[in-house]
$ cat input_4.txt   # compact mmCIF, C-alpha atoms
# COMPACT_ATOMS: atom_id res chain seq x y z
CA MET P 1 151.68 -109.35 96.44
CA ASP P 2 155.33 -108.52 96.89
CA GLU P 3 157.31 -105.29 97.18
CA LEU P 4 157.53 -104.85 93.39
CA ASP P 5 153.72 -105.05 93.11
CA ARG P 6 153.33 -102.49 95.91
CA GLN P 7 155.76 -100.10 94.20
CA LEU P 8 153.94 -100.59 90.89
CA ILE P 9 150.61 -99.73 92.52
CA GLU P 10 152.11 -96.64 94.19
CA LEU P 11 153.36 -95.39 90.81
CA LEU P 12 149.92 -95.91 89.29
CA LYS P 13 148.25 -94.05 92.16
CA VAL P 14 150.32 -91.00 91.27
CA ASN P 15 149.77 -91.33 87.51
CA ALA P 16 147.59 -94.15 86.16
CA ARG P 17 148.49 -93.10 82.60
CA LEU P 18 152.21 -93.71 83.08
CA PRO P 19 153.54 -95.71 80.12
CA VAL P 20 154.67 -99.26 80.86
CA VAL P 21 158.20 -98.39 79.67
CA LYS P 22 158.45 -95.55 82.22
CA ILE P 23 157.11 -97.80 84.99
CA ALA P 24 159.71 -100.45 84.11
CA GLN P 25 162.47 -97.84 84.21
CA ALA P 26 161.28 -96.54 87.59
CA LEU P 27 161.10 -100.06 89.04
CA GLY P 28 164.33 -101.23 87.42
CA CYS P 29 162.78 -104.20 85.66
CA ALA P 30 161.79 -105.32 82.16
CA ARG P 31 158.72 -103.96 80.37
CA SER P 32 157.39 -107.51 80.05
CA THR P 33 157.66 -107.95 83.83
CA VAL P 34 155.52 -104.85 84.37
CA GLN P 35 152.95 -106.05 81.82
CA LEU P 36 152.72 -109.47 83.49
CA ARG P 37 152.44 -107.93 86.95
CA LEU P 38 149.72 -105.52 85.80
CA LYS P 39 147.74 -108.36 84.22
CA ALA P 40 148.06 -110.48 87.38
CA LEU P 41 146.99 -107.56 89.61
CA GLU P 42 144.00 -106.86 87.35
CA ASP P 43 143.01 -110.53 87.12
CA SER P 44 143.17 -110.95 90.91
CA GLY P 45 141.02 -107.86 91.43
CA THR P 46 143.75 -105.98 93.28
CA ILE P 47 143.57 -103.36 90.53
CA SER P 48 139.87 -102.98 89.87
CA GLY P 49 140.13 -100.18 87.33
CA TYR P 50 141.72 -96.95 86.25
CA THR P 51 140.04 -93.62 86.75
CA VAL P 52 140.23 -89.95 85.98
CA SER P 53 140.35 -87.35 88.72
CA VAL P 54 138.60 -84.13 87.73
CA THR P 55 139.09 -80.86 89.54
CA LYS P 56 135.83 -79.10 90.27
CA PRO P 57 135.59 -75.58 88.85
CA GLN P 58 135.87 -72.86 91.51
CA SER P 59 132.43 -71.58 90.48
CA THR P 60 130.83 -74.90 91.43
CA ARG P 61 130.39 -74.76 95.16
CA SER P 62 129.26 -77.88 96.87
CA ILE P 63 128.03 -78.66 100.34
CA GLN P 64 129.48 -81.84 101.76
CA ALA P 65 128.09 -83.56 104.81
CA MET P 66 128.57 -86.68 106.84
CA VAL P 67 125.34 -88.35 107.92
CA LEU P 68 125.41 -91.03 110.59
CA ILE P 69 122.45 -93.39 110.26
CA SER P 70 121.00 -95.73 112.86
CA ILE P 71 118.92 -98.54 111.37
CA GLU P 72 116.93 -101.59 112.38
CA SER P 73 119.43 -104.37 111.67
CA LYS P 74 116.82 -106.61 110.03
CA ASN P 75 116.24 -103.88 107.41
CA GLU P 76 119.90 -103.22 106.58
CA PRO P 77 119.86 -104.71 103.06
CA ASP P 78 116.76 -102.69 102.10
CA VAL P 79 118.12 -99.48 103.66
CA VAL P 80 121.48 -99.85 101.90
CA ARG P 81 119.73 -100.57 98.60
CA ALA P 82 117.60 -97.41 99.00
CA LEU P 83 120.63 -95.29 99.93
CA ARG P 84 122.58 -96.52 96.90
CA LYS P 85 119.86 -95.05 94.67
CA ARG P 86 120.51 -91.53 96.00
CA HIS P 87 123.04 -89.86 93.68
CA GLU P 88 123.86 -87.30 96.40
CA ILE P 89 125.40 -90.06 98.53
CA THR P 90 128.97 -90.41 97.29
CA LYS P 91 130.17 -92.98 99.84
CA LEU P 92 128.49 -95.27 102.33
CA TYR P 93 130.32 -96.97 105.16
CA SER P 94 129.29 -99.60 107.68
CA ILE P 95 130.46 -98.41 111.11
CA SER P 96 130.48 -99.55 114.72
CA GLY P 97 128.98 -97.75 117.69
CA ARG P 98 125.66 -96.00 118.21
CA TYR P 99 125.13 -95.59 114.47
CA ASP P 100 125.28 -98.33 111.85
CA LEU P 101 126.07 -96.47 108.63
CA CYS P 102 127.94 -93.33 107.64
CA GLY P 103 126.96 -91.64 104.41
CA MET P 104 129.01 -88.95 102.70
CA LEU P 105 126.67 -86.57 100.89
CA GLU P 106 127.28 -83.83 98.37
CA THR P 107 124.72 -81.25 97.29
CA GLU P 108 124.82 -77.79 95.77
CA THR P 109 122.85 -76.05 98.54
CA THR P 110 122.00 -76.52 102.20
CA HIS P 111 118.33 -76.57 101.18
CA GLU P 112 119.01 -79.56 98.91
CA LEU P 113 121.06 -81.20 101.69
CA ASP P 114 118.17 -80.79 104.12
CA ALA P 115 115.77 -82.39 101.62
CA VAL P 116 118.10 -85.36 101.05
CA ILE P 117 118.47 -85.94 104.79
CA ASP P 118 114.67 -85.83 105.12
CA ARG P 119 114.43 -88.49 102.38
CA VAL P 120 117.01 -90.63 104.18
CA ARG P 121 115.01 -90.37 107.41
CA ALA P 122 111.89 -91.46 105.53
CA ILE P 123 113.44 -94.75 104.41
CA ARG P 124 111.77 -97.71 106.09
CA GLY P 125 114.17 -99.11 108.69
CA VAL P 126 116.01 -95.83 109.41
CA VAL P 127 115.68 -95.12 113.13
CA ASP P 128 117.80 -91.99 113.61
CA THR P 129 120.30 -89.74 111.83
CA PHE P 130 122.98 -87.29 112.91
CA SER P 131 124.48 -84.98 110.33
CA THR P 132 127.35 -82.56 110.19
CA ILE P 133 128.51 -80.30 107.37
CA LEU P 134 132.15 -80.51 106.33
CA LEU P 135 133.77 -77.08 106.34
CA SER P 136 137.19 -77.67 104.78
CA THR P 137 139.61 -80.43 103.85
CA LYS P 138 142.77 -80.48 105.97
CA LEU P 139 144.22 -83.65 104.40
CA ASP P 140 143.23 -85.67 101.34
CA ARG P 141 145.51 -88.56 100.53
CA PRO P 142 144.89 -90.57 97.35
CA GLY P 143 143.53 -94.11 97.93
$ encode --input "input_4.txt" --output "structure tokens"
Amino acid sequence: MDELDRQLIELLKVNARLPVVKIAQALGCARSTVQLRLKALEDSGTISGYTVSVTKPQSTRSIQAMVLISIESKNEPDVVRALRKRHEITKLYSISGRYDLCGMLETETTHELDAVIDRVRAIRGVVDTFSTILLSTKLDRPG
């Protein structure tokens, strides 16, 4: 990946629906160059897809939490598989330190959040959890 590819990706991060002609103009290259670069980036897996970002209505309040999970290492594949089935878990990270996994959860109420955390604790191989509710977003940069 060279500088032109990086600039192309940055443009798409801002607006993935930008027409190829506009991208070519912004990059100062031919439309065919942009098309070839896009195809190569898609084929290599660098660009894995295009998505839509939807703003949540103000009336829809959500509770977001970060749950640190300590597991028995031999059970990691089974624990991760079980966690992936929970629709409330929006992201799951492998981390270093006292805990092994970090799950980002989103529910509509604290009662629902409490129930989800109880279900996480009940998964075979989960040793301990530590959770914290996110109060506000101070910075949110696009991927």
$ residues_around --input "input_4.txt" --residues "P:Asp100" --least-positions-apart "3" --cutoff "7 Å" --atoms "all atoms listed in the file" --output "PyMOL selection string"
chain P and resi 69-71+94-97
$ closest_residue --input "input_4.txt" --among "P:Val14, P:Val127, P:Ile133, P:Leu4" --to "P:Leu41" --atoms "all atoms listed in the file"
P:Leu4
$ closest_residue --input "input_4.txt" --among "P:Arg86, P:Gln64, P:Ile23, P:Cys29" --to "P:Glu10" --atoms "all atoms listed in the file"
P:Ile23
$ closest_residue --input "input_4.txt" --among "P:Ile9, P:Ala65, P:Val116, P:Leu92" --to "P:Val79" --atoms "all atoms listed in the file"
P:Leu92
$ closest_residue --input "input_4.txt" --among "P:Ala40, P:Lys13, P:Gln35, P:Glu88" --to "P:Arg141" --atoms "all atoms listed in the file"
P:Lys13
$ atom_distance --input "input_4.txt" --atom1 "atom CA of P:Thr90" --atom2 "atom CA of P:Glu106"
6.9 Å
$ atom_distance --input "input_4.txt" --atom1 "atom CA of P:Glu112" --atom2 "atom CA of P:Tyr99"
23.2 Å
$ atom_distance --input "input_4.txt" --atom1 "atom CA of P:Val67" --atom2 "atom CA of P:Tyr50"
28.5 Å
$ residues_around --input "input_4.txt" --residues "P:Thr46" --least-positions-apart "3" --cutoff "12 Å" --atoms "all atoms listed in the file" --output "list in words"
Met1, Asp5, Arg6, Leu8, Ile9, Arg37, Leu38, Lys39, Ala40, Leu41, Glu42, Asp43, Gly49 and Tyr50 of chain P
$ residues_around --input "input_4.txt" --residues "P:Val126" --least-positions-apart "3" --cutoff "12 Å" --atoms "only C-alpha atoms" --output "PDB file with C-alpha atoms, in the frame of the given file"
ATOM      1  CA  LEU P  68     125.410 -91.030 110.590  1.00  0.00           C
ATOM      2  CA  ILE P  69     122.450 -93.390 110.260  1.00  0.00           C
ATOM      3  CA  SER P  70     121.000 -95.730 112.860  1.00  0.00           C
ATOM      4  CA  ILE P  71     118.920 -98.540 111.370  1.00  0.00           C
ATOM      5  CA  GLU P  72     116.930-101.590 112.380  1.00  0.00           C
ATOM      6  CA  SER P  73     119.430-104.370 111.670  1.00  0.00           C
ATOM      7  CA  LYS P  74     116.820-106.610 110.030  1.00  0.00           C
ATOM      8  CA  ASN P  75     116.240-103.880 107.410  1.00  0.00           C
ATOM      9  CA  GLU P  76     119.900-103.220 106.580  1.00  0.00           C
ATOM     10  CA  PRO P  77     119.860-104.710 103.060  1.00  0.00           C
ATOM     11  CA  ASP P  78     116.760-102.690 102.100  1.00  0.00           C
ATOM     12  CA  VAL P  79     118.120 -99.480 103.660  1.00  0.00           C
ATOM     13  CA  VAL P  80     121.480 -99.850 101.900  1.00  0.00           C
ATOM     14  CA  ALA P  82     117.600 -97.410  99.000  1.00  0.00           C
ATOM     15  CA  LEU P  83     120.630 -95.290  99.930  1.00  0.00           C
ATOM     16  CA  TYR P  99     125.130 -95.590 114.470  1.00  0.00           C
ATOM     17  CA  ASP P 100     125.280 -98.330 111.850  1.00  0.00           C
ATOM     18  CA  LEU P 101     126.070 -96.470 108.630  1.00  0.00           C
ATOM     19  CA  ILE P 117     118.470 -85.940 104.790  1.00  0.00           C
ATOM     20  CA  ASP P 118     114.670 -85.830 105.120  1.00  0.00           C
ATOM     21  CA  ARG P 119     114.430 -88.490 102.380  1.00  0.00           C
ATOM     22  CA  VAL P 120     117.010 -90.630 104.180  1.00  0.00           C
ATOM     23  CA  ARG P 121     115.010 -90.370 107.410  1.00  0.00           C
ATOM     24  CA  ALA P 122     111.890 -91.460 105.530  1.00  0.00           C
ATOM     25  CA  ILE P 123     113.440 -94.750 104.410  1.00  0.00           C
ATOM     26  CA  THR P 129     120.300 -89.740 111.830  1.00  0.00           C
ATOM     27  CA  PHE P 130     122.980 -87.290 112.910  1.00  0.00           C
TER      28      PHE P 130
END
$ closest_residue --input "input_4.txt" --among "P:Met66, P:Glu108, P:Leu12, P:Asp140" --to "P:Ile89" --atoms "all atoms listed in the file"
P:Met66
$ closest_residue --input "input_4.txt" --among "P:Gln25, P:Asn15, P:Thr33, P:Thr137" --to "P:Ser53" --atoms "all atoms listed in the file"
P:Asn15
